[in-house]
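Data file: model30.cif. Format and content: mmCIF, C-alpha atoms and all ligand atoms.
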```
data_data
loop_
_atom_site.label_atom_id
_atom_site.label_comp_id
_atom_site.auth_asym_id
_atom_site.auth_seq_id
_atom_site.Cartn_x
_atom_site.Cartn_y
_atom_site.Cartn_z
CA MET P 70 113.24 -59.11 230.83
CA SER P 71 110.92 -56.27 231.79
CA LYS P 72 112.10 -54.11 234.69
CA HIS P 73 109.98 -51.84 236.84
CA VAL P 74 111.32 -49.54 239.55
CA GLU P 75 108.76 -47.82 241.76
CA VAL P 76 109.26 -45.56 244.77
CA LEU P 77 106.31 -45.58 247.19
CA PRO P 78 105.68 -42.64 249.57
CA ASN P 79 105.92 -44.65 252.79
CA SER P 80 106.27 -48.16 254.20
CA SER P 81 102.54 -48.94 254.27
CA ALA P 82 102.20 -47.87 250.62
CA LEU P 83 105.17 -50.13 249.85
CA VAL P 84 103.42 -53.07 251.52
CA ASP P 85 100.16 -52.35 249.68
CA ARG P 86 101.90 -52.10 246.29
CA THR P 87 103.99 -55.21 246.88
CA LEU P 88 100.88 -57.12 247.95
CA GLN P 89 99.14 -55.99 244.76
CA VAL P 90 102.00 -57.19 242.54
CA VAL P 91 102.32 -60.49 244.43
CA LEU P 92 98.60 -61.20 244.13
CA GLU P 93 98.63 -60.34 240.41
CA GLU P 94 101.50 -62.77 239.87
CA ILE P 95 99.87 -65.50 241.98
CA HIS P 96 96.67 -65.24 239.94
CA ARG P 97 98.70 -65.25 236.71
CA ALA P 98 100.43 -68.46 237.79
CA LEU P 99 97.14 -70.07 238.82
CA GLU P 100 95.60 -69.23 235.45
CA GLN P 101 98.57 -70.60 233.52
CA ARG P 102 99.57 -73.63 235.62
CA ASP P 103 96.84 -74.09 238.24
CA ARG P 104 99.43 -73.62 240.95
CA ALA P 105 101.71 -70.87 242.22
CA THR P 106 105.24 -71.38 243.55
CA VAL P 107 106.31 -68.51 245.79
CA VAL P 108 109.79 -68.05 247.26
CA LEU P 109 109.92 -66.00 250.44
CA SER P 110 112.67 -63.74 251.70
CA GLY P 111 113.59 -63.35 255.34
CA GLY P 112 114.59 -60.40 257.45
CA ASN P 113 112.26 -57.68 258.71
CA THR P 114 110.99 -55.89 255.61
CA PRO P 115 108.54 -58.55 254.41
CA LYS P 116 106.84 -59.11 257.80
CA PRO P 117 103.93 -56.69 257.16
CA LEU P 118 103.56 -58.11 253.66
CA TYR P 119 103.22 -61.64 255.06
CA GLU P 120 100.67 -60.37 257.60
CA ALA P 121 98.69 -58.81 254.73
CA LEU P 122 98.86 -62.08 252.74
CA ALA P 123 97.42 -63.90 255.76
CA ALA P 124 94.25 -61.82 255.33
CA GLN P 125 93.79 -62.82 251.69
CA ASP P 126 91.31 -65.40 250.40
CA LEU P 127 93.48 -67.57 248.15
CA PRO P 128 93.20 -71.18 246.92
CA TRP P 129 95.76 -72.22 249.54
CA SER P 130 95.96 -75.82 248.35
CA LYS P 131 97.36 -74.52 245.04
CA LEU P 132 99.99 -72.33 246.66
CA HIS P 133 103.47 -73.74 247.33
CA VAL P 134 105.87 -71.77 249.51
CA PHE P 135 109.65 -71.98 249.49
CA TRP P 136 112.49 -69.85 250.87
CA GLY P 137 115.27 -68.03 249.07
CA ASP P 138 117.54 -68.54 252.03
CA GLU P 139 117.63 -69.74 255.59
CA ARG P 140 119.87 -69.00 258.50
CA TYR P 141 121.59 -72.14 259.74
CA VAL P 142 119.65 -72.28 263.00
CA SER P 143 116.91 -74.56 264.34
CA ALA P 144 113.39 -74.09 262.98
CA GLY P 145 112.32 -72.69 266.35
CA ASP P 146 115.14 -70.17 266.58
CA PRO P 147 114.00 -66.51 266.54
CA ALA P 148 116.42 -65.94 263.64
CA SER P 149 114.73 -68.59 261.47
CA ASN P 150 113.18 -67.19 258.29
CA GLN P 151 110.75 -70.09 258.19
CA ARG P 152 109.65 -69.38 261.77
CA MET P 153 109.05 -65.72 260.91
CA ALA P 154 106.91 -66.58 257.86
CA ARG P 155 104.92 -69.15 259.81
CA GLN P 156 104.22 -66.72 262.67
CA THR P 157 103.26 -63.78 260.43
CA TRP P 158 101.39 -65.73 257.73
CA LEU P 159 101.45 -69.46 257.19
CA ASP P 160 100.15 -70.52 260.61
CA LYS P 161 97.14 -68.23 260.05
CA VAL P 162 95.89 -69.74 256.77
CA PRO P 163 94.73 -73.25 255.75
CA ILE P 164 97.72 -73.98 253.51
CA PRO P 165 98.46 -77.71 253.53
CA ALA P 166 101.59 -78.57 255.52
CA GLU P 167 103.03 -80.38 252.49
CA ASN P 168 102.86 -77.12 250.52
CA ILE P 169 105.39 -75.49 252.81
CA HIS P 170 108.83 -76.45 251.53
CA GLY P 171 111.25 -75.17 254.17
CA MET P 172 115.02 -75.45 254.02
CA ALA P 173 115.74 -77.93 256.80
CA THR P 174 118.79 -77.11 258.91
CA ASP P 175 118.90 -80.17 261.17
CA GLY P 176 121.18 -82.38 259.11
CA GLU P 177 124.83 -83.31 259.43
CA SER P 178 126.15 -80.08 257.94
CA PRO P 179 125.09 -77.00 255.96
CA GLU P 180 126.48 -78.65 252.84
CA ALA P 181 124.42 -81.81 253.45
CA ASP P 182 121.29 -79.74 254.09
CA ALA P 183 121.84 -77.74 250.92
CA GLU P 184 122.04 -81.01 248.97
CA ARG P 185 118.93 -82.29 250.75
CA HIS P 186 116.91 -79.22 249.81
CA GLU P 187 118.20 -79.42 246.26
CA ALA P 188 116.88 -83.00 246.08
CA GLN P 189 113.51 -81.82 247.42
CA LEU P 190 113.34 -79.14 244.70
CA ARG P 191 114.32 -81.63 242.00
CA ASP P 192 111.57 -83.94 243.18
CA PHE P 193 108.92 -81.25 243.44
CA PHE P 194 109.66 -79.76 240.01
CA LYS P 195 110.36 -83.19 238.49
CA LEU P 196 113.61 -81.85 237.07
CA ASN P 197 115.82 -83.61 234.55
CA PRO P 198 119.53 -83.74 235.42
CA GLY P 199 121.11 -80.35 234.78
CA ASP P 200 117.83 -78.45 234.90
CA PHE P 201 117.02 -75.78 237.47
CA PRO P 202 113.69 -75.03 239.20
CA VAL P 203 111.65 -72.19 237.72
CA PHE P 204 109.65 -70.39 240.41
CA ASP P 205 106.68 -68.18 239.68
CA ILE P 206 107.41 -65.51 242.26
CA MET P 207 110.80 -64.81 243.86
CA LEU P 208 110.46 -62.37 246.74
CA LEU P 209 113.80 -60.82 247.66
CA GLY P 210 115.10 -58.27 250.11
CA MET P 211 118.38 -56.43 249.99
CA GLY P 212 120.80 -55.77 252.81
CA ASP P 213 122.56 -52.45 253.31
CA ASP P 214 125.66 -54.14 251.88
CA GLY P 215 123.86 -55.02 248.65
CA HIS P 216 123.41 -58.71 249.41
CA THR P 217 120.25 -60.59 248.59
CA ALA P 218 119.05 -63.97 249.80
CA SER P 219 122.24 -65.21 251.44
CA LEU P 220 124.45 -64.15 248.56
CA PHE P 221 126.86 -61.91 250.42
CA PRO P 222 129.63 -59.74 248.99
CA HIS P 223 132.90 -61.44 248.07
CA THR P 224 131.70 -64.93 248.96
CA ASP P 225 132.04 -68.16 246.98
CA ALA P 226 128.26 -68.58 246.81
CA LEU P 227 128.11 -65.82 244.18
CA GLN P 228 129.97 -68.00 241.70
CA VAL P 229 127.97 -71.23 242.22
CA CYS P 230 126.13 -72.00 239.00
CA ASP P 231 126.04 -75.82 238.87
CA ARG P 232 123.40 -76.36 241.55
CA ALA P 233 120.22 -74.73 242.82
CA VAL P 234 121.08 -74.57 246.52
CA THR P 235 124.39 -73.76 248.14
CA VAL P 236 125.90 -72.58 251.41
CA GLY P 237 126.27 -68.84 251.83
CA HIS P 238 128.20 -67.14 254.59
CA LYS P 239 127.52 -63.98 256.53
CA ASP P 240 130.49 -62.99 258.73
CA GLY P 241 131.64 -66.59 258.49
CA GLN P 242 128.30 -67.99 259.67
CA PRO P 243 126.69 -70.51 257.27
CA ARG P 244 123.32 -70.00 255.62
CA LEU P 245 121.46 -71.97 252.96
CA THR P 246 120.65 -70.03 249.81
CA LEU P 247 119.24 -70.43 246.35
CA THR P 248 121.88 -69.70 243.74
CA VAL P 249 122.03 -66.92 241.16
CA PRO P 250 120.90 -69.12 238.25
CA VAL P 251 117.72 -70.04 240.13
CA LEU P 252 116.93 -66.44 241.02
CA ASN P 253 117.37 -65.46 237.37
CA LEU P 254 115.13 -68.21 236.02
CA SER P 255 112.16 -66.96 238.06
CA ARG P 256 109.12 -65.79 236.13
CA CYS P 257 108.85 -62.77 238.41
CA VAL P 258 111.41 -61.32 240.85
CA ILE P 259 110.17 -58.77 243.35
CA PHE P 260 112.66 -56.81 245.46
CA MET P 261 110.99 -55.12 248.43
CA VAL P 262 113.39 -52.61 249.97
CA ALA P 263 112.76 -50.07 252.72
CA GLY P 264 114.80 -47.75 254.90
CA ALA P 265 117.35 -44.98 254.51
CA ASN P 266 120.16 -47.38 255.41
CA LYS P 267 119.64 -49.09 252.02
CA GLN P 268 120.07 -45.89 249.95
CA THR P 269 123.77 -46.17 249.14
CA ALA P 270 123.72 -49.87 248.29
CA LEU P 271 120.58 -49.37 246.22
CA SER P 272 122.17 -46.64 244.11
CA ARG P 273 125.15 -48.95 243.44
CA VAL P 274 122.93 -51.94 242.68
CA LEU P 275 120.66 -50.03 240.29
CA ALA P 276 123.49 -48.10 238.61
CA PRO P 277 124.04 -48.91 234.90
CA SER P 278 127.41 -50.47 235.73
CA GLY P 279 129.11 -51.64 238.89
CA ASP P 280 130.80 -54.50 240.72
CA GLU P 281 128.58 -57.52 241.24
CA ASP P 282 131.02 -59.11 243.68
CA THR P 283 130.67 -56.08 245.92
CA TYR P 284 126.95 -55.58 245.34
CA PRO P 285 125.54 -59.09 244.71
CA ALA P 286 121.94 -57.93 244.15
CA ARG P 287 123.28 -56.66 240.77
CA LEU P 288 123.52 -60.32 239.76
CA VAL P 289 119.72 -60.64 239.79
CA GLN P 290 118.77 -60.06 236.15
CA PRO P 291 115.91 -62.43 235.30
CA LEU P 292 116.55 -64.01 231.90
CA ASN P 293 112.94 -64.00 230.69
CA GLY P 294 111.03 -62.87 233.75
CA THR P 295 109.80 -59.60 235.15
CA LEU P 296 111.92 -57.68 237.64
CA TRP P 297 110.28 -55.39 240.17
CA TRP P 298 112.14 -53.04 242.48
CA LEU P 299 109.58 -51.74 244.97
CA LEU P 300 111.12 -49.17 247.27
CA ASP P 301 109.93 -46.87 250.00
CA SER P 302 110.83 -43.17 249.73
CA GLU P 303 113.61 -43.49 252.31
CA ALA P 304 115.43 -46.24 250.43
CA GLY P 305 114.62 -44.91 246.97
CA SER P 306 115.09 -41.17 247.50
CA SER P 307 117.88 -40.99 244.90
CA ILE P 308 116.47 -43.56 242.50
CA SER P 309 114.67 -42.64 239.26
CA VAL P 310 111.51 -44.55 238.49
CA THR P 311 111.78 -46.74 235.38
CA ASP P 312 109.72 -49.06 233.26
CA THR P 313 111.81 -50.87 230.67
CA ASP P 314 111.47 -53.84 228.40
CA SER P 315 114.68 -55.32 227.09
C1 LIG P 401 117.67 -62.85 255.41
C2 LIG P 401 117.13 -62.40 254.08
C3 LIG P 401 118.02 -61.31 253.57
C4 LIG P 401 117.21 -60.05 253.75
C5 LIG P 401 118.08 -58.83 253.74
C6 LIG P 401 117.26 -57.59 254.13
O1 LIG P 401 117.76 -64.05 255.65
O2 LIG P 401 117.93 -61.95 256.21
O3 LIG P 401 116.74 -63.29 253.23
O4 LIG P 401 118.46 -61.44 252.27
O5 LIG P 401 116.25 -59.96 252.71
O6 LIG P 401 119.11 -59.02 254.68
O7 LIG P 401 116.82 -57.77 255.44
P1 LIG P 401 115.85 -56.68 256.12
O8 LIG P 401 114.56 -56.76 255.39
O9 LIG P 401 115.73 -57.13 257.56
O10 LIG P 401 116.52 -55.34 255.97
#
```

If you convert what's in this file into structure tokens, what do you get?
Amino acid sequence: MSKHVEVLPNSSALVDRTLQVVLEEIHRALEQRDRATVVLSGGNTPKPLYEALAAQDLPWSKLHVFWGDERYVSAGDPASNQRMARQTWLDKVPIPAENIHGMATDGESPEADAERHEAQLRDFFKLNPGDFPVFDIMLLGMGDDGHTASLFPHTDALQVCDRAVTVGHKDGQPRLTLTVPVLNLSRCVIFMVAGANKQTALSRVLAPSGDEDTYPARLVQPLNGTLWWLLDSEAGSSISVTDTDS
């Protein structure tokens, strides 16, 4: 795994740098496999990045978009991660509808919908039993509690390693989330983190040692992929820049 930690001077520089890395990784995937599989994060931080991606000229038919997690709300709910990505990006570009692989939340239960999305991933990646999907680009955010995707502190989802999709819980509310093994199989993981409220969690997550159950983003250690931590100066004020290959 190669790990890169960069602190950008402000939020627009963070967006520009993240866009640059994302585009480099998309083109790398297109060169190697003639398609790019991109997993999106939710929340607020990536919104300007998605708006910037909407202005790009990409071979949209070769781009496939997925989500790292989804709140268990209807697709039209303001809290929906899929709705946010469609409004800021996907509805503005000619990406084929079948290339947008959302986590449906209209089934019988969160557990049933997690299984349904898992089946969709198995079909798309043509997986053998026991295999996990390998995504090209895994975009992640981090909460001020050190969670990522919907892998929240001290929840059962952190331990799930026998499936690709499970049910996470935030304050008891269900969410669908990719599991730790899937995050760590990604060819490239890009954390985009901004804001002073993330400082403390970030220092715990990036510390040489710490408690993964308390700071779940520590669990994201790509096995063979590249790990990027792209931070704005508010979030990364106490973080030292690193470039390591291990
Ligand atoms: C979500 C995200 C979540 C997010 C962090 C950071 O569904 O909210 O996937 O993991 O990345 O909570 O959110 P902000 O970018 O809004 O701080």

- Item | Test item: residues at most 12 Å from Gly210 of chain P, all atoms listed in the file, excluding those fewer than 4 positions along its chain, as an NGL selection string | :P and (87 or 108-116 or 136-138 or 214-220 or 258-264 or 267 or 271 or 285-286 or 289 or 297-300)

Just write the chosen residues, C-alpha atoms, as an mmCIF file, keeping the file's coordinate frame.
```
data_model
loop_
_atom_site.group_PDB
_atom_site.id
_atom_site.type_symbol
_atom_site.label_atom_id
_atom_site.label_comp_id
_atom_site.auth_asym_id
_atom_site.auth_seq_id
_atom_site.Cartn_x
_atom_site.Cartn_y
_atom_site.Cartn_z
ATOM 1 C CA THR P 87 103.990 -55.210 246.880
ATOM 2 C CA VAL P 108 109.790 -68.050 247.260
ATOM 3 C CA LEU P 109 109.920 -66.000 250.440
ATOM 4 C CA SER P 110 112.670 -63.740 251.700
ATOM 5 C CA GLY P 111 113.590 -63.350 255.340
ATOM 6 C CA GLY P 112 114.590 -60.400 257.450
ATOM 7 C CA ASN P 113 112.260 -57.680 258.710
ATOM 8 C CA THR P 114 110.990 -55.890 255.610
ATOM 9 C CA PRO P 115 108.540 -58.550 254.410
ATOM 10 C CA LYS P 116 106.840 -59.110 257.800
ATOM 11 C CA TRP P 136 112.490 -69.850 250.870
ATOM 12 C CA GLY P 137 115.270 -68.030 249.070
ATOM 13 C CA ASP P 138 117.540 -68.540 252.030
ATOM 14 C CA ASP P 214 125.660 -54.140 251.880
ATOM 15 C CA GLY P 215 123.860 -55.020 248.650
ATOM 16 C CA HIS P 216 123.410 -58.710 249.410
ATOM 17 C CA THR P 217 120.250 -60.590 248.590
ATOM 18 C CA ALA P 218 119.050 -63.970 249.800
ATOM 19 C CA SER P 219 122.240 -65.210 251.440
ATOM 20 C CA LEU P 220 124.450 -64.150 248.560
ATOM 21 C CA VAL P 258 111.410 -61.320 240.850
ATOM 22 C CA ILE P 259 110.170 -58.770 243.350
ATOM 23 C CA PHE P 260 112.660 -56.810 245.460
ATOM 24 C CA MET P 261 110.990 -55.120 248.430
ATOM 25 C CA VAL P 262 113.390 -52.610 249.970
ATOM 26 C CA ALA P 263 112.760 -50.070 252.720
ATOM 27 C CA GLY P 264 114.800 -47.750 254.900
ATOM 28 C CA LYS P 267 119.640 -49.090 252.020
ATOM 29 C CA LEU P 271 120.580 -49.370 246.220
ATOM 30 C CA PRO P 285 125.540 -59.090 244.710
ATOM 31 C CA ALA P 286 121.940 -57.930 244.150
ATOM 32 C CA VAL P 289 119.720 -60.640 239.790
ATOM 33 C CA TRP P 297 110.280 -55.390 240.170
ATOM 34 C CA TRP P 298 112.140 -53.040 242.480
ATOM 35 C CA LEU P 299 109.580 -51.740 244.970
ATOM 36 C CA LEU P 300 111.120 -49.170 247.270
#
```

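In this model, the gap between atom CA of Trp158 of chain P and atom CA of Asn293 of chain P comes to 29.5 Å.
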
- Which one of P:Leu118, P:Leu247, P:Gln268, P:Val76 sits closest to Ser309 of chain P if you count only C-alpha atoms? P:Val76

- Message: Please compute the atom CA of Asn79 of chain P-atom CA of Ala265 of chain P distance, one decimal, in Å.
- Response: 11.6 Å

- Query: Between atom CA of Glu187 of chain P and atom CA of Ala144 of chain P, what is the distance, to one decimal in Å?
  - Reply: 18.2 Å

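Around Gly199 of chain P, within 12 Å and counting all atoms listed in the file, the residues found are Glu187, Arg191, Cys230, Asp231, Arg232, Ala233 and Pro250 of chain P, once anything fewer than 5 positions away on its own chain is removed.
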
- Item | Leu77 of chain P environment, 9 Å, all atoms listed in the file, sequence neighbours closer than 6 positions dropped, as a list in words |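 The residues satisfying every condition are Leu83, Arg86, Leu299, Leu300, Asp301, Ser302 and Gly305 of chain P.
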
- Counting only C-alpha atoms, the residue of P:Ala276, P:Ala124, P:Leu196, P:Cys257 that sits nearest Ala98 of chain P: P:Cys257

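Nearest residue to Arg140 of chain P, choosing from P:Leu245, P:Ile169, P:Ala226, P:Leu159 and counting only C-alpha atoms: P:Leu245.
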
- Shortest interatomic distance to ligand LIG 401 (chain P) - which of P:Thr106, P:Gln228, P:Ser149, P:Gln156, counting all atoms listed in the file: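 For ligand LIG 401 (chain P), the nearest of the given residues is P:Ser149.
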
With only C-alpha atoms as the counted atoms, please give the residues lying no more than 10 Å from Asp103 of chain P, apart from itself and same-chain residues fewer than 5 positions off, as a JSON list (two decimals) with C-alpha atoms, keeping the file's coordinate frame.
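The file below, part34.json, is the result:
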```
[["chain", "number", "residue", "atom", "x", "y", "z"],
["P", 95, "ILE", "CA", 99.87, -65.50, 241.98],
["P", 96, "HIS", "CA", 96.67, -65.24, 239.94],
["P", 97, "ARG", "CA", 98.70, -65.25, 236.71],
["P", 98, "ALA", "CA", 100.43, -68.46, 237.79],
["P", 128, "PRO", "CA", 93.20, -71.18, 246.92],
["P", 131, "LYS", "CA", 97.36, -74.52, 245.04],
["P", 132, "LEU", "CA", 99.99, -72.33, 246.66]]
```

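Residue nearest ligand LIG 401 (chain P) within the list P:Lys195, P:Lys161, P:His238, P:Arg102: P:His238 [criterion: smallest interatomic distance, only C-alpha atoms and all ligand atoms].
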
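In terms of minimum interatomic distance to Ala166 of chain P, P:Ser130 ranks closest within P:Thr224, P:Ser143, P:Ser278, P:Ser130, counting all atoms listed in the file.
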
Output requested as a JSON list (two decimals), in the coordinates of the input - segment 222-258 of chain P, filled out with N, CA and C atoms.
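Output contents, as saved in out.json:
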```json
[["chain", "number", "residue", "atom", "x", "y", "z"],
["P", 222, "PRO", "N", 128.48, -60.24, 249.76],
["P", 222, "PRO", "CA", 129.63, -59.74, 248.99],
["P", 222, "PRO", "C", 130.89, -60.58, 249.19],
["P", 223, "HIS", "N", 131.59, -60.78, 248.04],
["P", 223, "HIS", "CA", 132.90, -61.44, 248.07],
["P", 223, "HIS", "C", 132.86, -62.83, 248.70],
["P", 224, "THR", "N", 131.77, -63.55, 248.47],
["P", 224, "THR", "CA", 131.70, -64.93, 248.96],
["P", 224, "THR", "C", 131.62, -65.90, 247.77],
["P", 225, "ASP", "N", 132.01, -67.14, 248.04],
["P", 225, "ASP", "CA", 132.04, -68.16, 246.98],
["P", 225, "ASP", "C", 130.65, -68.43, 246.41],
["P", 226, "ALA", "N", 129.62, -68.24, 247.25],
["P", 226, "ALA", "CA", 128.26, -68.58, 246.81],
["P", 226, "ALA", "C", 127.87, -67.81, 245.55],
["P", 227, "LEU", "N", 128.48, -66.65, 245.35],
["P", 227, "LEU", "CA", 128.11, -65.82, 244.18],
["P", 227, "LEU", "C", 128.47, -66.50, 242.87],
["P", 228, "GLN", "N", 129.47, -67.38, 242.95],
["P", 228, "GLN", "CA", 129.97, -68.00, 241.70],
["P", 228, "GLN", "C", 129.31, -69.36, 241.42],
["P", 229, "VAL", "N", 128.53, -69.87, 242.38],
["P", 229, "VAL", "CA", 127.97, -71.23, 242.22],
["P", 229, "VAL", "C", 126.89, -71.21, 241.16],
["P", 230, "CYS", "N", 127.12, -71.99, 240.09],
["P", 230, "CYS", "CA", 126.13, -72.00, 239.00],
["P", 230, "CYS", "C", 125.80, -73.41, 238.53],
["P", 231, "ASP", "N", 126.30, -74.42, 239.28],
["P", 231, "ASP", "CA", 126.04, -75.82, 238.87],
["P", 231, "ASP", "C", 125.05, -76.51, 239.78],
["P", 232, "ARG", "N", 124.43, -75.77, 240.68],
["P", 232, "ARG", "CA", 123.40, -76.36, 241.55],
["P", 232, "ARG", "C", 122.43, -75.27, 241.98],
["P", 233, "ALA", "N", 121.29, -75.69, 242.50],
["P", 233, "ALA", "CA", 120.22, -74.73, 242.82],
["P", 233, "ALA", "C", 120.34, -74.18, 244.23],
["P", 234, "VAL", "N", 120.97, -74.96, 245.11],
["P", 234, "VAL", "CA", 121.08, -74.57, 246.52],
["P", 234, "VAL", "C", 122.53, -74.70, 246.95],
["P", 235, "THR", "N", 123.02, -73.69, 247.66],
["P", 235, "THR", "CA", 124.39, -73.76, 248.14],
["P", 235, "THR", "C", 124.48, -73.16, 249.54],
["P", 236, "VAL", "N", 125.68, -73.14, 250.07],
["P", 236, "VAL", "CA", 125.90, -72.58, 251.41],
["P", 236, "VAL", "C", 126.48, -71.18, 251.27],
["P", 237, "GLY", "N", 125.76, -70.21, 251.80],
["P", 237, "GLY", "CA", 126.27, -68.84, 251.83],
["P", 237, "GLY", "C", 126.88, -68.57, 253.19],
["P", 238, "HIS", "N", 127.60, -67.48, 253.29],
["P", 238, "HIS", "CA", 128.20, -67.14, 254.59],
["P", 238, "HIS", "C", 128.05, -65.65, 254.87],
["P", 239, "LYS", "N", 127.57, -65.37, 256.06],
["P", 239, "LYS", "CA", 127.52, -63.98, 256.53],
["P", 239, "LYS", "C", 128.45, -63.90, 257.75],
["P", 240, "ASP", "N", 129.52, -63.09, 257.63],
["P", 240, "ASP", "CA", 130.49, -62.99, 258.73],
["P", 240, "ASP", "C", 130.95, -64.39, 259.18],
["P", 241, "GLY", "N", 131.13, -65.26, 258.18],
["P", 241, "GLY", "CA", 131.64, -66.59, 258.49],
["P", 241, "GLY", "C", 130.58, -67.58, 258.94],
["P", 242, "GLN", "N", 129.38, -67.09, 259.22],
["P", 242, "GLN", "CA", 128.30, -67.99, 259.67],
["P", 242, "GLN", "C", 127.58, -68.57, 258.46],
["P", 243, "PRO", "N", 127.32, -69.89, 258.44],
["P", 243, "PRO", "CA", 126.69, -70.51, 257.27],
["P", 243, "PRO", "C", 125.21, -70.20, 257.17],
["P", 244, "ARG", "N", 124.75, -70.11, 255.93],
["P", 244, "ARG", "CA", 123.32, -70.00, 255.62],
["P", 244, "ARG", "C", 123.06, -70.82, 254.37],
["P", 245, "LEU", "N", 121.84, -71.30, 254.21],
["P", 245, "LEU", "CA", 121.46, -71.97, 252.96],
["P", 245, "LEU", "C", 120.87, -70.92, 252.03],
["P", 246, "THR", "N", 121.18, -71.03, 250.75],
["P", 246, "THR", "CA", 120.65, -70.03, 249.81],
["P", 246, "THR", "C", 120.42, -70.62, 248.43],
["P", 247, "LEU", "N", 119.38, -70.14, 247.78],
["P", 247, "LEU", "CA", 119.24, -70.43, 246.35],
["P", 247, "LEU", "C", 120.37, -69.72, 245.62],
["P", 248, "THR", "N", 120.75, -70.28, 244.48],
["P", 248, "THR", "CA", 121.88, -69.70, 243.74],
["P", 248, "THR", "C", 121.40, -68.70, 242.69],
["P", 249, "VAL", "N", 122.34, -67.96, 242.15],
["P", 249, "VAL", "CA", 122.03, -66.92, 241.16],
["P", 249, "VAL", "C", 121.27, -67.47, 239.96],
["P", 250, "PRO", "N", 121.67, -68.62, 239.41],
["P", 250, "PRO", "CA", 120.90, -69.12, 238.25],
["P", 250, "PRO", "C", 119.42, -69.33, 238.56],
["P", 251, "VAL", "N", 119.12, -69.79, 239.77],
["P", 251, "VAL", "CA", 117.72, -70.04, 240.13],
["P", 251, "VAL", "C", 116.97, -68.72, 240.25],
["P", 252, "LEU", "N", 117.59, -67.76, 240.91],
["P", 252, "LEU", "CA", 116.93, -66.44, 241.02],
["P", 252, "LEU", "C", 116.61, -65.90, 239.63],
["P", 253, "ASN", "N", 117.53, -66.07, 238.70],
["P", 253, "ASN", "CA", 117.37, -65.46, 237.37],
["P", 253, "ASN", "C", 116.47, -66.25, 236.43],
["P", 254, "LEU", "N", 116.10, -67.45, 236.83],
["P", 254, "LEU", "CA", 115.13, -68.21, 236.02],
["P", 254, "LEU", "C", 113.69, -67.94, 236.46],
["P", 255, "SER", "N", 113.51, -67.21, 237.54],
["P", 255, "SER", "CA", 112.16, -66.96, 238.06],
["P", 255, "SER", "C", 111.32, -66.20, 237.04],
["P", 256, "ARG", "N", 110.02, -66.49, 237.05],
["P", 256, "ARG", "CA", 109.12, -65.79, 236.13],
["P", 256, "ARG", "C", 108.91, -64.34, 236.57],
["P", 257, "CYS", "N", 109.01, -64.13, 237.90],
["P", 257, "CYS", "CA", 108.85, -62.77, 238.41],
["P", 257, "CYS", "C", 109.71, -62.62, 239.67],
["P", 258, "VAL", "N", 110.58, -61.62, 239.67],
["P", 258, "VAL", "CA", 111.41, -61.32, 240.85],
["P", 258, "VAL", "C", 110.93, -60.00, 241.42]]
```
